[in-house]
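The structure under discussion appears below in the form of structure tokens.
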Amino acid sequence: MGRVNKQVLAAINHVRNADPVISRIIEEVGPFTLRLERDRFQMLVRSIIAQQISTSAAHSIRRRLENLAGPEGLTPARLASLSVAELRTAGISPQKASYLQDLAQRVAAGDVQLRRIGRRSDEQIIEQLTQIKGIGRWTAQMFLIFSLGRWDVFPYDDLGVRTALRWHYGLDDLPDKATSQTIAEPWRPYATVAVWYCWRSLDRRRQTKPKNKAI
């Protein structure tokens, strides 16, 4: 834990010194509290379920899926054994059901070895995960950040990140890939920390934004 804390401190000091904008955000947001999801399979399942639906809807569907899986739990083998029709009873669309089946079958068969995947480089992991139906580069990057705790991930096409960059850097429009990467370059090799603070700054802005008063 001590070594992890030292790396967190080193990462925060790096991005703080490298970018005065991020330094200001750090002061506003406070401590770095990213928590990792250790169950790698479960995180990918949740990522697929959550695509293009609200957070509350995703939570509801996940609970129904867990109930459907029964006492065996939502393991790769158990999920692979469920038919599309069975998955539909949990509120999962036919397309997402096919994605979940592909994920479960690949993991159960050992084609995707989540226990060993952390030994690979970021790009190797992205390349492997994006072979699974329904998992694109963004989902793979979220896996790198929130499951593997990789330090230097910059999801340049993430809407939240682009929105934060527009606000904090005084841009007229959402930045394109080239602009985003230019801004993020000083953050490396700890881009993940700056990205996390960008997300949290959006949360803070939403919480402090005054509500419209009724007339």
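Residue numbering restarts at 1 for every chain of the structure tokens, chains are lettered A, B, ... in their displayed order, and ligands are numbered from 1 as they appear.
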What residues in region 51-207 of chain A get the DSSP label alpha helix (DSSP H)? Please answer as a ChimeraX atom specification. /A:55-69,76-81,84-88,94-109,122-129,137-146,159-168,177-184,191-207
With C-alpha atoms retained, export the selected residues as a CSV table (one decimal), in the first residue's frame.
chain,number,residue,atom,x,y,z
A,55,THR,CA,-27.1,4.2,-15.1
A,56,SER,CA,-30.3,3.3,-13.3
A,57,ALA,CA,-31.5,1.1,-16.2
A,58,ALA,CA,-28.1,-0.6,-16.3
A,59,HIS,CA,-28.2,-1.4,-12.6
A,60,SER,CA,-31.7,-2.8,-12.9
A,61,ILE,CA,-30.8,-5.1,-15.8
A,62,ARG,CA,-27.6,-6.2,-14.0
A,63,ARG,CA,-29.6,-7.2,-10.9
A,64,ARG,CA,-32.0,-9.2,-13.1
A,65,LEU,CA,-29.1,-10.9,-14.9
A,66,GLU,CA,-27.5,-11.9,-11.6
A,67,ASN,CA,-30.8,-13.3,-10.4
A,68,LEU,CA,-31.1,-15.2,-13.7
A,69,ALA,CA,-27.6,-16.7,-13.2
A,76,PRO,CA,-18.2,-16.9,-17.8
A,77,ALA,CA,-19.4,-20.6,-17.9
A,78,ARG,CA,-22.8,-19.7,-16.5
A,79,LEU,CA,-23.3,-16.7,-18.8
A,80,ALA,CA,-22.2,-18.7,-21.8
A,81,SER,CA,-24.9,-21.3,-20.9
A,84,VAL,CA,-30.5,-15.2,-26.1
A,85,ALA,CA,-34.1,-15.8,-25.2
A,86,GLU,CA,-33.1,-16.3,-21.5
A,87,LEU,CA,-31.0,-13.1,-21.5
A,88,ARG,CA,-33.9,-11.2,-23.0
A,94,PRO,CA,-30.8,-9.1,-28.7
A,95,GLN,CA,-27.7,-7.3,-29.8
A,96,LYS,CA,-26.3,-7.0,-26.3
A,97,ALA,CA,-27.2,-10.6,-25.6
A,98,SER,CA,-25.0,-11.6,-28.5
A,99,TYR,CA,-22.2,-9.4,-27.2
A,100,LEU,CA,-22.4,-11.0,-23.7
A,101,GLN,CA,-22.5,-14.5,-25.2
A,102,ASP,CA,-19.4,-13.8,-27.3
A,103,LEU,CA,-17.6,-12.4,-24.2
A,104,ALA,CA,-18.6,-15.3,-22.0
A,105,GLN,CA,-17.7,-17.9,-24.6
A,106,ARG,CA,-14.3,-16.4,-25.4
A,107,VAL,CA,-13.4,-16.2,-21.7
A,108,ALA,CA,-14.8,-19.6,-20.8
A,109,ALA,CA,-12.9,-21.2,-23.7
A,122,ASP,CA,-2.0,-1.3,-23.0
A,123,GLU,CA,-2.2,-1.5,-26.8
A,124,GLN,CA,-2.0,-5.3,-26.7
A,125,ILE,CA,-4.9,-5.4,-24.3
A,126,ILE,CA,-7.0,-3.1,-26.4
A,127,GLU,CA,-6.3,-5.2,-29.4
A,128,GLN,CA,-7.3,-8.4,-27.7
A,129,LEU,CA,-10.5,-7.0,-26.1
A,137,ARG,CA,-11.5,1.0,-27.9
A,138,TRP,CA,-13.3,3.2,-25.3
A,139,THR,CA,-14.6,0.2,-23.4
A,140,ALA,CA,-11.1,-1.4,-23.5
A,141,GLN,CA,-9.6,1.9,-22.1
A,142,MET,CA,-12.1,2.0,-19.3
A,143,PHE,CA,-11.0,-1.6,-18.5
A,144,LEU,CA,-7.4,-0.4,-18.4
A,145,ILE,CA,-8.3,2.4,-16.0
A,146,PHE,CA,-10.9,1.0,-13.7
A,159,LEU,CA,-17.3,12.9,-24.2
A,160,GLY,CA,-16.8,13.8,-20.5
A,161,VAL,CA,-13.0,14.3,-21.1
A,162,ARG,CA,-13.6,16.5,-24.2
A,163,THR,CA,-16.3,18.5,-22.3
A,164,ALA,CA,-13.9,19.1,-19.4
A,165,LEU,CA,-11.1,20.2,-21.8
A,166,ARG,CA,-13.5,22.6,-23.5
A,167,TRP,CA,-14.5,24.2,-20.2
A,168,HIS,CA,-11.2,24.3,-18.4
A,177,LYS,CA,-8.3,14.2,-31.4
A,178,ALA,CA,-5.3,16.2,-32.3
A,179,THR,CA,-6.1,19.1,-29.9
A,180,SER,CA,-7.0,16.7,-27.1
A,181,GLN,CA,-3.7,14.8,-27.5
A,182,THR,CA,-1.7,18.0,-27.6
A,183,ILE,CA,-3.3,19.2,-24.3
A,184,ALA,CA,-2.7,15.7,-22.7
A,191,ALA,CA,-2.6,10.7,-18.1
A,192,THR,CA,-5.0,8.5,-16.2
A,193,VAL,CA,-4.8,10.8,-13.1
A,194,ALA,CA,-5.5,13.9,-15.1
A,195,VAL,CA,-8.4,12.2,-16.9
A,196,TRP,CA,-9.9,11.1,-13.6
A,197,TYR,CA,-9.7,14.7,-12.3
A,198,CYS,CA,-11.4,15.9,-15.5
A,199,TRP,CA,-14.3,13.6,-14.9
A,200,ARG,CA,-14.6,14.6,-11.2
A,201,SER,CA,-14.5,18.2,-12.1
A,202,LEU,CA,-17.6,17.6,-14.2
A,203,ASP,CA,-19.3,15.9,-11.3
A,204,ARG,CA,-18.4,18.9,-9.1
A,205,ARG,CA,-19.7,21.4,-11.6
A,206,ARG,CA,-23.0,19.6,-11.8
A,207,GLN,CA,-23.4,19.4,-8.1
I'd like the neighbourhood of Arg35 (chain A) as a list in words, where a residue qualifies if any of its atoms comes within 10 Å (using only C-alpha atoms), though same-chain residues fewer than 2 positions away should be ignored.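 Using only C-alpha atoms, the neighbours found are Phe32, Thr33, Glu37, Arg38, Ile145, Phe146, Ser147 and Gly149 of chain A.
One distance worth recording is that between CA of Phe154 (chain A) and CA of Ser121 (chain A), which is 14.4 Å.
Between Gly91 (chain A) and the residues A:Leu174, A:Leu34, A:Ile49, A:Ala18, the shortest atom-to-atom distance, using only C-alpha atoms, involves A:Ile49.
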Got a sec: who's within 12 Å of His14 (chain A), counting only C-alpha atoms, leaving out chain neighbours fewer than 2 positions off, as an NGL selection string? :A and (7-12 or 16-20 or 22-23 or 26 or 151 or 186-194)
